[in-house]
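The next block is upload.cif, given as mmCIF, C-alpha atoms.
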data_entry
#
loop_
_atom_site.label_atom_id
_atom_site.label_comp_id
_atom_site.auth_asym_id
_atom_site.auth_seq_id
_atom_site.Cartn_x
_atom_site.Cartn_y
_atom_site.Cartn_z
CA MET W 1238 0.00 0.00 0.00
CA LYS W 1239 1.22 3.48 -0.88
CA TYR W 1240 0.57 6.47 1.40
CA LEU W 1241 0.73 10.21 0.95
CA LEU W 1242 0.95 13.11 3.38
CA SER W 1243 -1.65 15.82 2.78
CA ILE W 1244 -1.19 19.37 4.14
CA GLU W 1245 -3.89 22.05 4.34
CA THR W 1246 -3.31 25.67 5.48
CA THR W 1247 -5.47 27.76 3.14
CA CYS W 1248 -7.05 29.84 5.90
CA ASP W 1249 -6.89 29.62 9.68
CA GLU W 1250 -6.90 25.86 10.15
CA THR W 1251 -3.64 23.91 10.27
CA ALA W 1252 -4.29 20.37 9.07
CA ALA W 1253 -2.45 17.24 8.00
CA ALA W 1254 -3.58 13.74 7.08
CA VAL W 1255 -2.10 10.46 5.91
CA ILE W 1256 -4.15 8.81 3.16
CA GLY W 1257 -3.76 5.46 1.46
CA GLU W 1258 -3.88 4.95 -2.30
CA ASP W 1259 -7.20 3.15 -1.80
CA LEU W 1260 -8.49 6.41 -0.20
CA SER W 1261 -8.36 4.97 3.30
CA VAL W 1262 -7.73 7.66 5.90
CA LEU W 1263 -5.08 6.59 8.37
CA SER W 1264 -5.07 9.86 10.30
CA SER W 1265 -6.44 13.39 10.28
CA VAL W 1266 -5.31 16.22 12.56
CA VAL W 1267 -6.80 19.73 12.54
CA ALA W 1268 -5.68 22.59 14.78
CA SER W 1269 -8.42 25.22 14.91
CA GLN W 1270 -7.93 28.93 15.54
CA ASP W 1271 -11.51 30.01 16.24
CA ARG W 1272 -10.63 31.31 19.70
CA LEU W 1273 -7.84 33.48 18.30
CA HIS W 1274 -10.16 35.24 15.84
CA GLU W 1275 -13.43 35.27 17.79
CA ARG W 1276 -13.00 38.73 19.29
CA PHE W 1277 -12.39 40.22 15.83
CA GLY W 1278 -15.53 38.69 14.33
CA GLY W 1279 -13.56 37.21 11.42
CA VAL W 1280 -10.24 35.71 10.40
CA VAL W 1281 -7.27 38.07 10.71
CA PRO W 1282 -4.69 36.89 8.14
CA GLU W 1283 -1.62 37.97 10.12
CA ILE W 1284 -2.76 36.11 13.23
CA ALA W 1285 -3.67 33.04 11.16
CA SER W 1286 -0.30 32.65 9.47
CA ARG W 1287 1.71 33.30 12.65
CA ALA W 1288 -0.24 30.60 14.49
CA GLN W 1289 0.29 28.19 11.60
CA VAL W 1290 4.06 28.68 11.72
CA GLU W 1291 3.92 27.48 15.32
CA ARG W 1292 1.56 24.57 14.67
CA ILE W 1293 2.50 23.13 11.29
CA VAL W 1294 5.31 20.80 12.42
CA PRO W 1295 3.50 19.44 15.53
CA VAL W 1296 0.35 18.82 13.44
CA ILE W 1297 2.27 16.94 10.73
CA ASP W 1298 4.19 14.97 13.35
CA GLU W 1299 0.94 13.99 15.09
CA ALA W 1300 -0.69 12.93 11.80
CA ILE W 1301 2.23 10.64 10.96
CA ARG W 1302 2.32 9.24 14.50
CA ARG W 1303 -1.40 8.45 14.51
CA ALA W 1304 -1.18 6.84 11.09
CA GLY W 1305 1.44 4.42 12.37
CA VAL W 1306 3.60 4.79 9.29
CA ARG W 1307 7.25 5.65 8.84
CA LEU W 1308 8.45 8.63 6.86
CA GLU W 1309 9.94 6.30 4.28
CA ASP W 1310 6.46 4.81 3.73
CA LEU W 1311 5.23 8.11 2.28
CA LYS W 1312 5.28 8.10 -1.51
CA ALA W 1313 4.13 11.71 -2.11
CA VAL W 1314 3.37 14.98 -0.37
CA ALA W 1315 0.24 16.92 -1.32
CA VAL W 1316 -0.44 20.52 -0.41
CA ALA W 1317 -3.26 22.98 -1.05
CA HIS W 1318 -1.60 25.90 -2.82
CA THR W 1319 -4.69 27.73 -4.10
CA PRO W 1320 -6.88 29.62 -3.28
CA GLY W 1321 -6.56 31.11 0.20
CA LEU W 1322 -4.69 33.61 2.35
CA ALA W 1323 -1.20 34.26 1.04
CA GLY W 1324 0.65 33.94 4.35
CA SER W 1325 -1.24 30.80 5.34
CA LEU W 1326 -0.72 29.13 1.97
CA MET W 1327 3.01 29.86 2.18
CA VAL W 1328 3.34 28.08 5.52
CA GLY W 1329 1.84 24.87 4.16
CA LEU W 1330 3.72 25.03 0.88
CA MET W 1331 7.11 25.51 2.54
CA ALA W 1332 6.46 22.55 4.83
CA ALA W 1333 5.36 20.37 1.91
CA LYS W 1334 8.39 21.30 -0.18
CA THR W 1335 10.70 20.48 2.70
CA PHE W 1336 9.20 17.03 3.23
CA ALA W 1337 9.15 16.27 -0.50
CA LEU W 1338 12.80 17.32 -0.85
CA VAL W 1339 14.05 15.39 2.19
CA LEU W 1340 12.04 12.25 1.42
CA GLU W 1341 12.76 12.50 -2.33
CA VAL W 1342 9.10 11.96 -3.22
CA PRO W 1343 6.79 13.81 -5.65
CA LEU W 1344 5.18 17.11 -4.67
CA ILE W 1345 1.51 17.33 -5.69
CA ALA W 1346 -0.47 20.57 -5.89
CA VAL W 1347 -4.07 20.58 -4.68
CA ASN W 1348 -6.75 23.10 -5.56
CA HIS W 1349 -8.63 23.68 -2.32
CA LEU W 1350 -12.00 24.15 -4.03
CA GLN W 1351 -11.68 21.03 -6.16
CA ALA W 1352 -10.76 19.13 -3.02
CA HIS W 1353 -14.05 20.20 -1.39
CA VAL W 1354 -15.94 18.59 -4.28
CA TYR W 1355 -13.76 15.47 -4.13
CA ALA W 1356 -14.71 15.05 -0.47
CA CYS W 1357 -18.01 13.70 -1.80
CA ARG W 1358 -16.20 10.99 -3.76
CA LEU W 1359 -14.02 10.19 -0.78
CA SER W 1360 -16.85 9.89 1.75
CA SER W 1361 -19.37 8.10 -0.44
CA GLY W 1362 -17.03 5.48 -1.86
CA GLU W 1363 -18.95 5.87 -5.13
CA GLU W 1364 -18.01 7.22 -8.52
CA VAL W 1365 -19.50 10.71 -8.64
CA PHE W 1366 -17.97 12.06 -11.84
CA PRO W 1367 -19.16 13.58 -14.13
CA CYS W 1368 -21.10 15.94 -11.89
CA VAL W 1369 -21.96 19.50 -11.07
CA GLY W 1370 -19.88 20.66 -8.11
CA LEU W 1371 -21.08 23.35 -5.72
CA VAL W 1372 -18.57 24.82 -3.27
CA VAL W 1373 -20.12 27.07 -0.61
CA SER W 1374 -17.81 28.65 1.93
CA GLY W 1375 -16.71 31.89 3.55
CA GLY W 1376 -14.69 33.01 0.57
CA HIS W 1377 -16.21 31.07 -2.30
CA THR W 1378 -19.61 30.31 -3.73
CA SER W 1379 -18.91 28.56 -7.01
CA LEU W 1380 -20.49 26.10 -9.43
CA TYR W 1381 -18.37 23.77 -11.55
CA HIS W 1382 -18.88 21.33 -14.38
CA CYS W 1383 -16.70 18.39 -13.36
CA PRO W 1384 -16.30 15.83 -16.18
CA SER W 1385 -13.63 14.02 -14.13
CA PRO W 1386 -11.56 14.48 -10.95
CA LEU W 1387 -8.95 16.28 -13.07
CA GLU W 1388 -11.30 18.55 -15.01
CA PHE W 1389 -13.17 21.41 -13.34
CA ARG W 1390 -14.79 24.09 -15.48
CA LEU W 1391 -16.19 27.14 -13.72
CA LEU W 1392 -19.89 27.68 -14.45
CA GLY W 1393 -20.68 30.49 -12.05
CA ASN W 1394 -19.27 32.39 -9.11
CA THR W 1395 -20.25 35.00 -6.57
CA ILE W 1396 -19.86 38.49 -8.01
CA ASP W 1397 -19.40 40.03 -4.55
CA ASP W 1398 -19.72 38.41 -1.12
CA ALA W 1399 -19.63 34.66 -0.65
CA ALA W 1400 -22.44 32.96 1.24
CA GLY W 1401 -20.28 32.13 4.26
CA GLU W 1402 -18.98 35.68 4.48
CA ALA W 1403 -22.57 36.94 4.51
CA PHE W 1404 -23.33 34.56 7.39
CA ASP W 1405 -20.39 35.96 9.35
CA LYS W 1406 -21.39 39.59 8.72
CA VAL W 1407 -25.07 39.02 9.56
CA ALA W 1408 -24.08 37.19 12.73
CA SER W 1409 -22.05 40.26 13.70
CA MET W 1410 -25.01 42.57 13.01
CA LEU W 1411 -27.25 40.42 15.20
CA GLY W 1412 -24.67 40.19 17.98
CA LEU W 1413 -24.51 36.41 17.72
CA GLY W 1414 -20.74 35.87 17.65
CA PHE W 1415 -18.32 33.99 15.43
CA PRO W 1416 -18.14 31.81 13.34
CA GLY W 1417 -21.37 33.08 11.81
CA GLY W 1418 -22.70 29.93 10.17
CA PRO W 1419 -23.42 27.82 13.28
CA VAL W 1420 -24.75 30.71 15.40
CA VAL W 1421 -27.11 32.02 12.71
CA GLU W 1422 -28.37 28.49 12.08
CA LYS W 1423 -29.03 28.00 15.79
CA ALA W 1424 -30.90 31.30 16.10
CA ALA W 1425 -32.93 30.53 12.98
CA LEU W 1426 -34.39 27.40 14.56
CA GLN W 1427 -36.67 29.60 16.68
CA GLY W 1428 -37.50 32.06 13.89
CA ASP W 1429 -40.00 32.50 11.08
CA PRO W 1430 -38.29 32.29 7.66
CA LYS W 1431 -41.12 34.34 6.14
CA ALA W 1432 -40.99 37.17 8.68
CA TYR W 1433 -38.83 39.35 6.41
CA ASP W 1434 -39.05 39.47 2.64
CA PHE W 1435 -35.35 39.58 1.82
CA PRO W 1436 -34.11 39.66 -1.81
CA ARG W 1437 -32.95 36.59 -3.72
CA SER W 1438 -30.46 38.35 -5.96
CA MET W 1439 -29.95 36.91 -9.45
CA LEU W 1440 -32.21 33.94 -8.70
CA GLU W 1441 -34.70 34.90 -11.41
CA ASP W 1442 -31.96 35.23 -14.03
CA ARG W 1443 -31.95 31.83 -15.72
CA THR W 1444 -29.20 32.77 -18.16
CA ARG W 1445 -26.44 33.03 -15.55
CA LEU W 1446 -25.12 30.77 -12.82
CA ASP W 1447 -23.59 33.54 -10.71
CA PHE W 1448 -24.47 34.48 -7.14
CA SER W 1449 -24.72 37.75 -5.24
CA PHE W 1450 -25.15 38.15 -1.48
CA SER W 1451 -24.05 41.73 -0.88
CA GLY W 1452 -27.55 43.09 -1.42
CA LEU W 1453 -29.01 40.54 0.96
CA LYS W 1454 -26.52 41.55 3.63
CA THR W 1455 -27.48 45.20 3.13
CA ALA W 1456 -31.18 44.32 3.33
CA VAL W 1457 -30.59 42.73 6.73
CA ARG W 1458 -28.75 45.86 7.87
CA TYR W 1459 -31.64 48.08 6.77
CA ALA W 1460 -34.14 45.77 8.50
CA ILE W 1461 -32.23 46.34 11.74
CA THR W 1462 -31.33 50.02 11.61
CA GLY W 1463 -33.20 51.56 8.71
CA PRO W 1464 -31.57 52.98 5.55
CA GLY W 1465 -28.43 55.08 5.98
CA LYS W 1466 -27.73 54.11 9.58
CA PHE W 1467 -24.87 51.96 10.83
CA ASP W 1468 -24.97 51.86 14.63
CA PHE W 1469 -26.26 48.35 15.32
CA GLY W 1470 -25.50 48.62 19.03
CA SER W 1471 -28.08 51.36 19.51
CA VAL W 1472 -30.92 49.26 18.07
CA PRO W 1473 -32.36 46.89 20.68
CA LEU W 1474 -33.61 43.64 19.19
CA SER W 1475 -35.81 41.16 21.00
CA PRO W 1476 -34.91 37.46 20.89
CA LYS W 1477 -37.87 36.97 18.56
CA GLN W 1478 -36.62 39.64 16.15
CA VAL W 1479 -33.14 38.14 16.12
CA ALA W 1480 -34.55 34.68 15.42
CA ASP W 1481 -36.83 35.95 12.64
CA LEU W 1482 -34.03 37.94 11.02
CA ALA W 1483 -31.70 34.92 11.17
CA ALA W 1484 -34.32 32.55 9.76
CA SER W 1485 -35.36 34.91 6.95
CA PHE W 1486 -31.74 35.59 5.98
CA GLN W 1487 -30.85 31.90 6.03
CA GLU W 1488 -33.87 31.02 3.88
CA ALA W 1489 -32.89 33.63 1.29
CA VAL W 1490 -29.35 32.20 1.06
CA VAL W 1491 -30.65 28.65 0.78
CA ASP W 1492 -33.13 29.61 -1.94
CA CYS W 1493 -30.32 31.11 -4.02
CA LEU W 1494 -27.94 28.20 -3.54
CA VAL W 1495 -30.49 25.51 -4.27
CA GLY W 1496 -32.02 27.39 -7.19
CA LYS W 1497 -28.72 27.97 -8.99
CA ALA W 1498 -27.53 24.41 -8.34
CA LEU W 1499 -30.68 23.02 -9.96
CA LEU W 1500 -30.27 25.43 -12.87
CA ALA W 1501 -26.67 24.24 -13.36
CA LEU W 1502 -27.86 20.64 -13.58
CA GLU W 1503 -30.50 21.67 -16.09
CA MET W 1504 -28.05 23.65 -18.23
CA THR W 1505 -25.39 20.90 -18.27
CA GLY W 1506 -27.79 17.97 -18.57
CA LEU W 1507 -26.03 16.24 -15.67
CA ARG W 1508 -27.91 14.33 -12.97
CA THR W 1509 -25.30 14.25 -10.20
CA LEU W 1510 -24.65 17.08 -7.74
CA CYS W 1511 -21.71 17.18 -5.31
CA VAL W 1512 -21.68 19.81 -2.58
CA GLY W 1513 -18.88 20.82 -0.21
CA GLY W 1514 -17.55 23.72 1.85
CA GLY W 1515 -18.31 25.10 5.29
CA VAL W 1516 -21.83 26.32 4.47
CA ALA W 1517 -22.70 22.78 3.33
CA ALA W 1518 -22.83 21.93 7.03
CA ASN W 1519 -26.00 24.05 7.36
CA ARG W 1520 -28.89 21.75 8.23
CA ARG W 1521 -31.58 23.74 6.43
CA PHE W 1522 -29.48 23.82 3.27
CA ARG W 1523 -28.90 20.07 3.40
CA GLU W 1524 -32.61 19.38 3.96
CA ARG W 1525 -33.69 21.56 1.05
CA LEU W 1526 -31.10 20.04 -1.29
CA GLN W 1527 -32.18 16.52 -0.38
CA ALA W 1528 -35.86 17.33 -0.85
CA GLU W 1529 -35.24 18.85 -4.28
CA ALA W 1530 -32.95 15.99 -5.30
CA ASP W 1531 -35.55 13.41 -4.30
CA ARG W 1532 -38.24 15.29 -6.20
CA ALA W 1533 -36.17 15.61 -9.38
CA GLY W 1534 -34.45 12.23 -9.28
CA ILE W 1535 -30.97 13.74 -8.86
CA ARG W 1536 -28.02 11.88 -7.38
CA LEU W 1537 -26.95 14.09 -4.48
CA PHE W 1538 -23.70 13.82 -2.58
CA ILE W 1539 -23.00 16.25 0.27
CA ALA W 1540 -19.72 16.09 2.16
CA PRO W 1541 -20.14 14.79 5.71
CA LEU W 1542 -19.96 17.44 8.41
CA LYS W 1543 -16.37 16.60 9.39
CA LEU W 1544 -15.25 17.18 5.78
CA CYS W 1545 -17.19 20.41 5.19
CA THR W 1546 -14.85 22.67 7.12
CA ASP W 1547 -11.18 22.84 6.15
CA ASN W 1548 -9.28 19.59 6.57
CA ALA W 1549 -6.41 17.73 4.94
CA VAL W 1550 -8.37 14.55 4.26
CA MET W 1551 -9.98 16.02 1.16
CA GLY W 1552 -6.45 16.33 -0.21
CA ALA W 1553 -7.03 12.70 -1.23
CA ILE W 1554 -7.75 14.18 -4.66
CA ALA W 1555 -3.95 14.23 -4.99
CA TRP W 1556 -4.06 10.49 -5.68
CA GLU W 1557 -5.84 11.28 -8.95
CA ARG W 1558 -2.93 13.52 -9.95
CA TYR W 1559 -0.41 10.97 -8.70
CA ARG W 1560 -1.83 8.27 -10.97
CA ALA W 1561 -1.79 10.72 -13.88
CA GLY W 1562 1.85 11.62 -13.17
CA LEU W 1563 0.99 15.26 -12.52
CA PHE W 1564 3.81 16.31 -10.20
CA GLU W 1565 5.21 19.74 -9.35
CA THR W 1566 8.74 21.06 -9.22
CA LEU W 1567 10.06 22.76 -6.11
CA ASP W 1568 9.47 26.17 -7.63
CA LEU W 1569 5.70 25.72 -7.21
CA ASP W 1570 4.23 28.99 -5.95
CA ILE W 1571 1.06 29.88 -4.11
CA ALA W 1572 -1.96 31.32 -5.94
CA PRO W 1573 -3.97 33.12 -3.26
CA GLY W 1574 -6.78 34.45 -5.43
CA PRO W 1575 -8.73 37.63 -4.67
CA ILE W 1576 -8.87 38.37 -0.95
CA ARG W 1577 -10.85 41.29 0.45
CA PRO W 1578 -8.84 43.51 2.83
CA LEU W 1579 -9.48 43.68 6.55
CA LYS W 1580 -11.82 46.54 7.32
CA SER W 1581 -11.01 49.04 10.02
CA ARG W 1582 -12.50 48.29 13.42
CA SER W 1583 -13.40 51.96 13.61
CA GLU W 1584 -16.03 51.47 10.90
CA PRO W 1585 -19.27 50.68 12.75
CA GLY W 1586 -20.55 47.21 12.02
CA SER W 1587 -17.45 46.08 10.18
CA VAL W 1588 -15.65 42.83 10.85
CA PRO W 1589 -12.47 41.26 9.48
CA SER W 1590 -12.61 39.57 6.12
CA SER W 1591 -14.02 36.05 6.07
CA ALA W 1592 -12.83 35.54 2.52
CA CYS W 1593 -11.06 32.28 3.26
CA ARG W 1594 -13.45 30.56 5.63
CA THR W 1595 -14.93 27.25 4.48
#

What would the structure in this file look like if it were written as structure tokens?
Amino acid sequence: MKYLLSIETTCDETAAAVIGEDLSVLSSVVASQDRLHERFGGVVPEIASRAQVERIVPVIDEAIRRAGVRLEDLKAVAVAHTPGLAGSLMVGLMAAKTFALVLEVPLIAVNHLQAHVYACRLSSGEEVFPCVGLVVSGGHTSLYHCPSPLEFRLLGNTIDDAAGEAFDKVASMLGLGFPGGPVVEKAALQGDPKAYDFPRSMLEDRTRLDFSFSGLKTAVRYAITGPGKFDFGSVPLSPKQVADLAASFQEAVVDCLVGKALLALEMTGLRTLCVGGGVAANRRFRERLQAEADRAGIRLFIAPLKLCTDNAVMGAIAWERYRAGLFETLDLDIAPGPIRPLKSRSEPGSVPSSACRT
């Protein structure tokens, strides 16, 4: 049996896993940073990368120890090099290059978003390709046509905020804390999803597969403070109002995600949908997807909860590249992608960028 070491540091998590060629997972270690970023209401890139410098070697060491393999048993090193926060990506890439050089094994580049889709193949044990892939996270809301594990063609993307980022910002407006996804979902359980008529931007446009959540976020702000006002702290909200706002916001996001995913299947003629990313852990989203899939006779694969948030296990997609002989040289560089800057804390209602959260 061949084994590879997978490293993931695209955002604030520091993760490593050892995975067999048969896609068996021998170990998975994830060091979270939620407590470090909680008081800022979002991920602070500088803090994230500094913490990863401290944690990367212990995390890799623990993953190898738990797997019960020797270093010489590793036949490749895989690392997520795109997209993500520049400093964080660099930490993982430097570690991966070092191991690949010392062990004299191939270095394999992993696209973080493609890996989220592949998590469905990994967890189901079934062949899921060709499929439509939907990645929904803090920094990305994207639809892909995936003919094979090595071919991903972008169908549509968010033109402004990602769904997960909107969850984080709305959670901040409602005073619910961080990360936004779980706390908004919890509050929404007690709310009425029809209490507020929030917009479903671009949902009616059946010619495009893009998303937009900036307007929805603004609509929530206006529902709290009124147009042109920013001071959320001066507006007292009852528990019922918070729950209704959370439920109505969540329903609007889910409507957009489900609607565009179904449209992508219709436009491509495919009957298989694979969904991954942090927002895929949302219970309401999962329920709606399953109901629509059952109604339309669609094969639906959603990553299990433990593989929705960032982890190194989904780096198992590297085995597809290994078998195809797609290796990298040691001059492989990071490709961060567009990252929104950290807003000033002096701007009322602003929180740090969540552009990398998944």

Query raised in the report: Once the PyMOL selection byres ((chain W and resi 1543) around 12) has been applied to the shown file, what residues remain in the selection, as an MDAnalysis selection string?
Result: chainID W and resid 1265:1267 1353 1356:1357 1360 1513:1515 1517:1518 1539:1542 1544:1551 1595

Requested in this report: May I have the residues within 12 Å of W:Asp1442 as a list of chain:residue names, using only C-alpha atoms and disregarding those fewer than 5 positions away in the same chain?
Outcome: W:Arg1437, W:Asp1447, W:Phe1448, W:Ser1449, W:Cys1493, W:Gly1496, W:Lys1497, W:Leu1500

Query raised in the report: Looking at only C-alpha atoms, which of W:Arg1536, W:Arg1458, W:Arg1307, W:Lys1334 is the one that sits closest to W:Thr1566?
Result: W:Lys1334

Query raised in the report: Can you list, as a PyMOL selection string, every protein, DNA or RNA residue that comes within 8 Å of stretch 1240-1251 of chain W when you count all atoms listed in the file, leaving out same-chain residues fewer than 2 positions away?
Result: chain W and resi 1238+1253-1258+1267-1270+1280+1282+1285-1286+1289+1292-1293+1296-1297+1310-1322+1325-1326+1328-1329+1333+1349+1547-1550+1552-1553+1593-1594

Query raised in the report: Any idea what the distance is between atom CA of W:Glu1364 and atom CA of W:Ala1561?
Result: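 These atoms are spaced 17.4 Å apart.
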
Query raised in the report: So which residues get picked by the PyMOL selection byres ((chain W and resi 1373) around 8) here, written as a PyMOL selection string?
Result: chain W and resi 1371-1372+1374-1375+1377-1379+1399-1401+1512-1517+1595

Would you put the residues from that selection into a file with C-alpha atoms, as a short mmCIF file (atom, residue, chain, number, x, y, z; two decimals), in the frame of the given file?
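This is the output file out_27.cif:
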data_model
loop_
_atom_site.label_atom_id
_atom_site.label_comp_id
_atom_site.auth_asym_id
_atom_site.auth_seq_id
_atom_site.Cartn_x
_atom_site.Cartn_y
_atom_site.Cartn_z
CA LEU W 1371 -21.08 23.35 -5.72
CA VAL W 1372 -18.57 24.82 -3.27
CA SER W 1374 -17.81 28.65 1.93
CA GLY W 1375 -16.71 31.89 3.55
CA HIS W 1377 -16.21 31.07 -2.30
CA THR W 1378 -19.61 30.31 -3.73
CA SER W 1379 -18.91 28.56 -7.01
CA ALA W 1399 -19.63 34.66 -0.65
CA ALA W 1400 -22.44 32.96 1.24
CA GLY W 1401 -20.28 32.13 4.26
CA VAL W 1512 -21.68 19.81 -2.58
CA GLY W 1513 -18.88 20.82 -0.21
CA GLY W 1514 -17.55 23.72 1.85
CA GLY W 1515 -18.31 25.10 5.29
CA VAL W 1516 -21.83 26.32 4.47
CA ALA W 1517 -22.70 22.78 3.33
CA THR W 1595 -14.93 27.25 4.48
#

Query raised in the report: Which of these, W:Leu1260, W:Leu1344, W:Ala1533, W:Leu1273, has the shortest distance to W:Asp1570 once you count all atoms listed in the file?
Result: W:Leu1344

Requested in this report: Go through W:Leu1308, W:Thr1335, W:Ser1261, W:Gly1324 and flag the residue nearest W:Val1290, using only C-alpha atoms for the distances.
Outcome: W:Gly1324

Query raised in the report: If you count all atoms listed in the file, which residues fall within 9 Å of W:Ile1461, apart from same-chain ones fewer than 2 positions away, as a list in words?
Result: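 Skipping anything fewer than 2 positions along the chain leaves Met1410, Leu1411, Ala1456, Val1457, Arg1458, Tyr1459, Gly1463, Phe1469, Val1472, Pro1473, Leu1474 and Leu1482 of chain W.
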
**Report entry** d(atom CA of W:Phe1404, atom CA of W:Gly1417) in Å
**Finding:** 5.1 Å

Query - Atomic distance atom CA of W:Thr1444 - atom CA of W:Thr1505, expressed in Å with one decimal - result: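 Between atom CA of W:Thr1444 and atom CA of W:Thr1505 the gap works out to 12.5 Å.
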
Show me as a JSON list (two decimals) with C-alpha atoms, in the frame of the given file the residues that reach within 12 Å of (-20.9, 20.2, -16.2), counting only C-alpha atoms and using the file's own coordinates.
[["chain", "number", "residue", "atom", "x", "y", "z"],
["W", 1366, "PHE", "CA", -17.97, 12.06, -11.84],
["W", 1367, "PRO", "CA", -19.16, 13.58, -14.13],
["W", 1368, "CYS", "CA", -21.10, 15.94, -11.89],
["W", 1369, "VAL", "CA", -21.96, 19.50, -11.07],
["W", 1370, "GLY", "CA", -19.88, 20.66, -8.11],
["W", 1371, "LEU", "CA", -21.08, 23.35, -5.72],
["W", 1380, "LEU", "CA", -20.49, 26.10, -9.43],
["W", 1381, "TYR", "CA", -18.37, 23.77, -11.55],
["W", 1382, "HIS", "CA", -18.88, 21.33, -14.38],
["W", 1383, "CYS", "CA", -16.70, 18.39, -13.36],
["W", 1384, "PRO", "CA", -16.30, 15.83, -16.18],
["W", 1385, "SER", "CA", -13.63, 14.02, -14.13],
["W", 1388, "GLU", "CA", -11.30, 18.55, -15.01],
["W", 1389, "PHE", "CA", -13.17, 21.41, -13.34],
["W", 1390, "ARG", "CA", -14.79, 24.09, -15.48],
["W", 1391, "LEU", "CA", -16.19, 27.14, -13.72],
["W", 1392, "LEU", "CA", -19.89, 27.68, -14.45],
["W", 1393, "GLY", "CA", -20.68, 30.49, -12.05],
["W", 1446, "LEU", "CA", -25.12, 30.77, -12.82],
["W", 1498, "ALA", "CA", -27.53, 24.41, -8.34],
["W", 1499, "LEU", "CA", -30.68, 23.02, -9.96],
["W", 1500, "LEU", "CA", -30.27, 25.43, -12.87],
["W", 1501, "ALA", "CA", -26.67, 24.24, -13.36],
["W", 1502, "LEU", "CA", -27.86, 20.64, -13.58],
["W", 1503, "GLU", "CA", -30.50, 21.67, -16.09],
["W", 1504, "MET", "CA", -28.05, 23.65, -18.23],
["W", 1505, "THR", "CA", -25.39, 20.90, -18.27],
["W", 1506, "GLY", "CA", -27.79, 17.97, -18.57],
["W", 1507, "LEU", "CA", -26.03, 16.24, -15.67],
["W", 1508, "ARG", "CA", -27.91, 14.33, -12.97],
["W", 1509, "THR", "CA", -25.30, 14.25, -10.20],
["W", 1510, "LEU", "CA", -24.65, 17.08, -7.74],
["W", 1511, "CYS", "CA", -21.71, 17.18, -5.31]]

**Report entry** Distance criterion (all atoms listed in the file): nearest to W:Ala1424 out of W:Ser1451, W:Thr1395, W:Ser1438, W:Ser1485
**Finding:**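 The answer is W:Ser1485, which sits nearest to W:Ala1424.
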
Report task. On this file, the PyMOL selection byres ((chain W and resi 1420) around 12) gives some set of residues; write that set as a ChimeraX atom specification. Result -> /W:1404-1409,1411-1419,1421-1426,1479-1480,1483-1484,1487,1519

Requested in this report: Choose the residue, out of W:Met1327, W:Lys1239, W:Phe1435, W:Val1262, that has the smallest atom-to-atom separation from W:Ala1304; count all atoms listed in the file.
Outcome: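 Comparing W:Met1327, W:Lys1239, W:Phe1435, W:Val1262 against W:Ala1304, the winner is W:Val1262.
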
Extending 6 Å beyond the listed atoms of stretch 1475-1489 of chain W on each side, what axis-aligned box results? I want centre and edge lengths in Å to one decimal, as AutoDock Vina command-line options.
--center_x -34.4 --center_y 36.1 --center_z 11.1 --size_x 19.0 --size_y 22.1 --size_z 31.7
